[in-house]
Amino acid sequence: MRHLTLRLGRGTMSILLQCGGGEELVFEPCVVKNGMSMAANLREAFKNSDLLLMQMPPRVRVLLDSDVLMVPVELFDEQTMATMYAHAFPSREQEAVFYNVLPDLNAVAVFSMNKDLRLVLDDHFQDVRLVAAMQPVWRCMHQRSFTGVRRKLYVYFHEKRLDMFSFQQNRFRFCNAYDAPRPMDAVFYITYVWKQLQLQEEHDELYLMGDISADEQPTTQLQRFIKKVMVIQPQVEFSHHPVTELKGVPFDLQTLVVKGR
């Protein structure tokens, strides 16, 4: 039995194939050319990727990094979600809109995909299942949030972007994303949100994960303002699961493999 996952980032693309019981893993990052749409890059990948040139299973799970509109489950309406999403993200108005229900958090994540990109996927697979890239991370960290009594703020670094979120029991207390091309941008946004949530620098906890700057500048700077700054290491978090030993696998994809969606 083989399971295929395709991760589509804002400027990256990668493929993960799970074989057997899921412990046998093959990871392949794909070349993404600037100036070409992601749909065109995916077409090229089907011609050049070692994994995609193999006989693929009919089903693919697509982990999609896209802007997300979080809607309380009691306010969600499938008939109006596209309109709501277009109001929140006007630049994505012409894209196809999808959603994932987050039952543990009483919320629905609404996101979009370029229509040409979806067409390429439908041309190659019988069953395409879309998952917002942050969904497995939210779920994993929500489970962690019940440990201890301190309030927690989580920050996921990826592709020069920050996803920040915090929970209050079974709901989001905060959930937003920021572009952070420089390390000090990240420090600014994190400390701003920390103060906005009225978290205590001596008592509450900040968790960092993902593609943190190699020189650890954000961590060092943040420790000037927040006492309890922890960096989540995938090998430790996921008990040295085989996916954590593969070079270059994004944290959200690792989380999906280990914890599910």
# chains A, B, ... in the order shown; residues from 1 in each chain; ligands from 1

$ residues_around --residues "region 133-142 of chain A" --least-positions-apart "2" --cutoff "6 Å" --atoms "only C-alpha atoms" --output "VMD selection string"
chain A and resid 63 to 65 144 to 145 252 255 to 256 261

$ select_by_dssp --residues "region 82-166 of chain A" --states "alpha helix (DSSP H)" --output "MDAnalysis selection string"
chainID A and resid 82:88 115:124 135:144

$ select_by_dssp --residues "region 15-135 of chain A" --states "strand (DSSP E or B)" --output "ChimeraX atom specification"
/A:15-19,24-30,59-64,68-72,96-102,107-113,127-132

$ write_last_selection --atoms "C-alpha atoms" --output "PDB file, in the first residue's frame"
ATOM      1  CA  ILE A  15       6.549  15.037  -2.717  1.00  0.00           C
ATOM      2  CA  LEU A  16       6.453  12.366  -0.024  1.00  0.00           C
ATOM      3  CA  LEU A  17       5.709   8.712  -0.746  1.00  0.00           C
ATOM      4  CA  GLN A  18       4.860   6.366   2.126  1.00  0.00           C
ATOM      5  CA  CYS A  19       5.174   2.667   1.430  1.00  0.00           C
ATOM      6  CA  GLU A  24       9.205   3.462   4.474  1.00  0.00           C
ATOM      7  CA  LEU A  25       9.437   7.035   3.213  1.00  0.00           C
ATOM      8  CA  VAL A  26      10.808   8.683   0.090  1.00  0.00           C
ATOM      9  CA  PHE A  27      10.985  12.492  -0.022  1.00  0.00           C
ATOM     10  CA  GLU A  28      11.660  14.536  -3.148  1.00  0.00           C
ATOM     11  CA  PRO A  29      11.821  18.345  -3.332  1.00  0.00           C
ATOM     12  CA  CYS A  30      10.866  19.684  -6.766  1.00  0.00           C
ATOM     13  CA  ARG A  59      -5.406   9.164  -4.573  1.00  0.00           C
ATOM     14  CA  VAL A  60      -3.222  12.094  -3.538  1.00  0.00           C
ATOM     15  CA  ARG A  61      -3.242  14.140  -0.370  1.00  0.00           C
ATOM     16  CA  VAL A  62      -2.293  17.758  -1.088  1.00  0.00           C
ATOM     17  CA  LEU A  63      -0.905  19.835   1.768  1.00  0.00           C
ATOM     18  CA  LEU A  64      -1.568  23.386   0.598  1.00  0.00           C
ATOM     19  CA  VAL A  68      -6.766  30.811   5.632  1.00  0.00           C
ATOM     20  CA  LEU A  69      -9.987  32.374   6.862  1.00  0.00           C
ATOM     21  CA  MET A  70     -10.902  30.862  10.230  1.00  0.00           C
ATOM     22  CA  VAL A  71     -14.666  30.699  10.812  1.00  0.00           C
ATOM     23  CA  PRO A  72     -16.382  29.540  14.034  1.00  0.00           C
ATOM     24  CA  ALA A  96     -11.521  27.976  -6.082  1.00  0.00           C
ATOM     25  CA  VAL A  97     -12.434  27.921  -2.389  1.00  0.00           C
ATOM     26  CA  PHE A  98     -12.313  24.848  -0.124  1.00  0.00           C
ATOM     27  CA  TYR A  99     -12.585  24.130   3.574  1.00  0.00           C
ATOM     28  CA  ASN A 100     -11.443  21.764   6.319  1.00  0.00           C
ATOM     29  CA  VAL A 101     -13.536  21.281   9.462  1.00  0.00           C
ATOM     30  CA  LEU A 102     -11.522  21.388  12.704  1.00  0.00           C
ATOM     31  CA  ALA A 107     -13.744  26.027  13.733  1.00  0.00           C
ATOM     32  CA  VAL A 108     -13.633  25.701   9.963  1.00  0.00           C
ATOM     33  CA  ALA A 109     -10.500  26.619   7.966  1.00  0.00           C
ATOM     34  CA  VAL A 110     -11.480  28.167   4.618  1.00  0.00           C
ATOM     35  CA  PHE A 111      -8.727  28.412   1.992  1.00  0.00           C
ATOM     36  CA  SER A 112      -8.258  28.630  -1.764  1.00  0.00           C
ATOM     37  CA  MET A 113      -6.364  27.097  -4.656  1.00  0.00           C
ATOM     38  CA  ASP A 127      -9.133  11.444  -5.832  1.00  0.00           C
ATOM     39  CA  VAL A 128      -7.588  14.733  -4.629  1.00  0.00           C
ATOM     40  CA  ARG A 129      -7.849  15.509  -0.924  1.00  0.00           C
ATOM     41  CA  LEU A 130      -6.857  19.007   0.123  1.00  0.00           C
ATOM     42  CA  VAL A 131      -5.507  19.804   3.564  1.00  0.00           C
ATOM     43  CA  ALA A 132      -4.582  23.303   4.758  1.00  0.00           C
TER      44      ALA A 132
END

$ closest_atom_pairs --of "region 97-124 of chain A" --to "region 36-51 of chain A" --cutoff "7 Å" --atoms "only C-alpha atoms" --output "Markdown table"
| residue | atom | partner | partner_atom | distance |
| --- | --- | --- | --- | --- |
| A:Asp116 | CA | A:Ala39 | CA | 5.9 |
| A:Leu117 | CA | A:Ala39 | CA | 4.3 |
| A:Val120 | CA | A:Ala39 | CA | 6.6 |

$ atom_distance --atom1 "CA of Leu199 (chain A)" --atom2 "CA of Asp67 (chain A)"
26.1 Å

$ residues_around --residues "Val149 (chain A)" --least-positions-apart "5" --cutoff "12 Å" --atoms "only C-alpha atoms" --output "short mmCIF file (atom, residue, chain, number, x, y, z; two decimals) with N, CA, C and O atoms, in the first residue's frame"
data_model
loop_
_atom_site.label_atom_id
_atom_site.label_comp_id
_atom_site.auth_asym_id
_atom_site.auth_seq_id
_atom_site.Cartn_x
_atom_site.Cartn_y
_atom_site.Cartn_z
N ARG A 144 -0.90 19.62 22.74
CA ARG A 144 0.18 20.00 23.65
C ARG A 144 -0.27 21.09 24.63
O ARG A 144 0.21 21.15 25.77
N GLN A 168 -7.50 28.63 23.77
CA GLN A 168 -8.17 28.72 25.06
C GLN A 168 -9.17 27.57 25.11
O GLN A 168 -10.23 27.62 24.49
N GLN A 169 -8.77 26.51 25.79
CA GLN A 169 -9.52 25.26 25.83
C GLN A 169 -9.74 24.72 24.40
O GLN A 169 -8.79 24.44 23.71
N HIS A 203 6.03 34.20 33.18
CA HIS A 203 5.25 33.02 33.51
C HIS A 203 4.82 32.20 32.29
O HIS A 203 4.93 30.97 32.30
N ASP A 204 4.33 32.87 31.25
CA ASP A 204 3.77 32.16 30.10
C ASP A 204 4.87 31.70 29.14
O ASP A 204 6.03 32.08 29.27
N GLU A 205 4.47 30.88 28.15
CA GLU A 205 5.46 30.17 27.34
C GLU A 205 5.31 30.48 25.85
O GLU A 205 4.19 30.58 25.33
#

$ residues_around --residues "region 190-198 of chain A" --least-positions-apart "4" --cutoff "9 Å" --atoms "only C-alpha atoms" --output "list in words"
Leu153, Val155, Leu162, Met164, Arg173, Phe174, Asp185, Ala186, Leu206, Leu222, Phe225 and Ile226 of chain A

$ write_last_selection --atoms "N, CA and C atoms" --output "PDB file, in the first residue's frame"
ATOM      1  N   LEU A 153       1.898  30.573  23.478  1.00  0.00           N
ATOM      2  CA  LEU A 153       1.821  31.131  22.129  1.00  0.00           C
ATOM      3  C   LEU A 153       2.735  30.304  21.246  1.00  0.00           C
ATOM      4  N   VAL A 155       4.495  29.643  17.397  1.00  0.00           N
ATOM      5  CA  VAL A 155       4.925  30.340  16.184  1.00  0.00           C
ATOM      6  C   VAL A 155       5.595  29.337  15.252  1.00  0.00           C
ATOM      7  N   LEU A 162       5.382  33.808   9.174  1.00  0.00           N
ATOM      8  CA  LEU A 162       5.067  33.327  10.512  1.00  0.00           C
ATOM      9  C   LEU A 162       3.586  33.001  10.599  1.00  0.00           C
ATOM     10  N   MET A 164       1.092  32.353  13.675  1.00  0.00           N
ATOM     11  CA  MET A 164       1.034  32.437  15.130  1.00  0.00           C
ATOM     12  C   MET A 164      -0.359  32.075  15.601  1.00  0.00           C
ATOM     13  N   ARG A 173      -7.723  31.147  20.572  1.00  0.00           N
ATOM     14  CA  ARG A 173      -7.737  32.465  21.206  1.00  0.00           C
ATOM     15  C   ARG A 173      -7.179  33.501  20.229  1.00  0.00           C
ATOM     16  N   PHE A 174      -6.245  33.044  19.386  1.00  0.00           N
ATOM     17  CA  PHE A 174      -5.612  33.912  18.398  1.00  0.00           C
ATOM     18  C   PHE A 174      -5.108  33.042  17.256  1.00  0.00           C
ATOM     19  N   ASP A 185      12.004  41.178  11.819  1.00  0.00           N
ATOM     20  CA  ASP A 185      10.570  41.293  11.564  1.00  0.00           C
ATOM     21  C   ASP A 185       9.814  40.286  12.420  1.00  0.00           C
ATOM     22  N   ALA A 186      10.358  39.079  12.482  1.00  0.00           N
ATOM     23  CA  ALA A 186       9.728  38.030  13.287  1.00  0.00           C
ATOM     24  C   ALA A 186       9.688  38.429  14.753  1.00  0.00           C
ATOM     25  N   LEU A 206       6.450  30.595  25.193  1.00  0.00           N
ATOM     26  CA  LEU A 206       6.510  30.805  23.745  1.00  0.00           C
ATOM     27  C   LEU A 206       7.186  29.598  23.117  1.00  0.00           C
ATOM     28  N   LEU A 222      14.389  37.198  21.269  1.00  0.00           N
ATOM     29  CA  LEU A 222      13.129  37.007  21.998  1.00  0.00           C
ATOM     30  C   LEU A 222      13.366  36.726  23.473  1.00  0.00           C
ATOM     31  N   PHE A 225      13.022  39.474  26.005  1.00  0.00           N
ATOM     32  CA  PHE A 225      11.708  39.963  26.403  1.00  0.00           C
ATOM     33  C   PHE A 225      10.833  38.894  27.061  1.00  0.00           C
ATOM     34  N   ILE A 226      11.098  37.633  26.736  1.00  0.00           N
ATOM     35  CA  ILE A 226      10.248  36.543  27.207  1.00  0.00           C
ATOM     36  C   ILE A 226      11.146  35.487  27.846  1.00  0.00           C
TER      37      ILE A 226
END

$ residues_around --residues "Pro218 (chain A)" --least-positions-apart "5" --cutoff "7 Å" --atoms "only C-alpha atoms" --output "PyMOL selection string"
chain A and resi 183-184+186-187

$ closest_residue --among "A:Asp77, A:Asp211, A:Asp122, A:Glu93" --to "Glu159 (chain A)" --atoms "only C-alpha atoms"
A:Asp211

$ residues_around --residues "region 234-244 of chain A" --least-positions-apart "4" --cutoff "8 Å" --atoms "only C-alpha atoms" --output "list of chain:residue names"
A:Glu23, A:Glu24, A:Leu25, A:Val249, A:Phe251, A:Gln254, A:Val257, A:Val258

$ atom_distance --atom1 "CA of Thr147 (chain A)" --atom2 "CA of Phe165 (chain A)"
16.3 Å

$ closest_residue --among "A:Tyr156, A:Phe167, A:Tyr189, A:Tyr178" --to "Pro250 (chain A)" --atoms "only C-alpha atoms"
A:Tyr156

$ decode --residues "region 43-57 of chain A" --atoms "N, CA, C and O atoms" --output "short mmCIF file (atom, residue, chain, number, x, y, z; two decimals), in the first residue's frame"
data_model
loop_
_atom_site.label_atom_id
_atom_site.label_comp_id
_atom_site.auth_asym_id
_atom_site.auth_seq_id
_atom_site.Cartn_x
_atom_site.Cartn_y
_atom_site.Cartn_z
N ARG A 43 3.06 20.83 -13.77
CA ARG A 43 3.08 20.10 -15.05
C ARG A 43 4.51 19.63 -15.37
O ARG A 43 4.71 18.51 -15.85
N GLU A 44 5.48 20.50 -15.12
CA GLU A 44 6.87 20.14 -15.35
C GLU A 44 7.30 19.01 -14.42
O GLU A 44 8.05 18.10 -14.82
N ALA A 45 6.80 19.05 -13.18
CA ALA A 45 7.17 18.00 -12.22
C ALA A 45 6.67 16.64 -12.67
O ALA A 45 7.35 15.62 -12.49
N PHE A 46 5.50 16.60 -13.29
CA PHE A 46 4.98 15.32 -13.79
C PHE A 46 5.83 14.77 -14.93
O PHE A 46 5.80 13.57 -15.21
N LYS A 47 6.62 15.63 -15.56
CA LYS A 47 7.50 15.17 -16.62
C LYS A 47 8.90 14.80 -16.11
O LYS A 47 9.59 14.00 -16.75
N ASN A 48 9.29 15.39 -14.97
CA ASN A 48 10.69 15.28 -14.53
C ASN A 48 10.89 14.61 -13.19
O ASN A 48 11.99 14.13 -12.89
N SER A 49 9.88 14.58 -12.35
CA SER A 49 10.05 14.03 -11.00
C SER A 49 10.18 12.51 -11.04
O SER A 49 9.38 11.82 -11.67
N ASP A 50 11.18 12.00 -10.34
CA ASP A 50 11.36 10.54 -10.27
C ASP A 50 10.14 9.87 -9.65
O ASP A 50 9.70 8.81 -10.11
N LEU A 51 9.59 10.46 -8.62
CA LEU A 51 8.43 9.86 -7.95
C LEU A 51 7.18 9.94 -8.82
O LEU A 51 6.42 8.97 -8.93
N LEU A 52 6.95 11.10 -9.43
CA LEU A 52 5.72 11.26 -10.21
C LEU A 52 5.77 10.51 -11.54
O LEU A 52 4.73 10.29 -12.16
N LEU A 53 6.97 10.12 -11.97
CA LEU A 53 7.08 9.32 -13.19
C LEU A 53 6.78 7.84 -12.93
O LEU A 53 6.58 7.07 -13.86
N MET A 54 6.76 7.47 -11.64
CA MET A 54 6.37 6.12 -11.28
C MET A 54 4.86 5.97 -11.42
O MET A 54 4.13 6.97 -11.55
N GLN A 55 4.38 4.74 -11.41
CA GLN A 55 2.94 4.53 -11.42
C GLN A 55 2.41 4.91 -10.06
O GLN A 55 2.67 4.26 -9.05
N MET A 56 1.64 6.00 -10.03
CA MET A 56 1.20 6.57 -8.79
C MET A 56 -0.14 5.99 -8.34
O MET A 56 -0.95 5.57 -9.16
N PRO A 57 -0.39 6.00 -7.00
CA PRO A 57 -1.72 5.60 -6.53
C PRO A 57 -2.76 6.59 -7.04
O PRO A 57 -2.44 7.76 -7.33
#
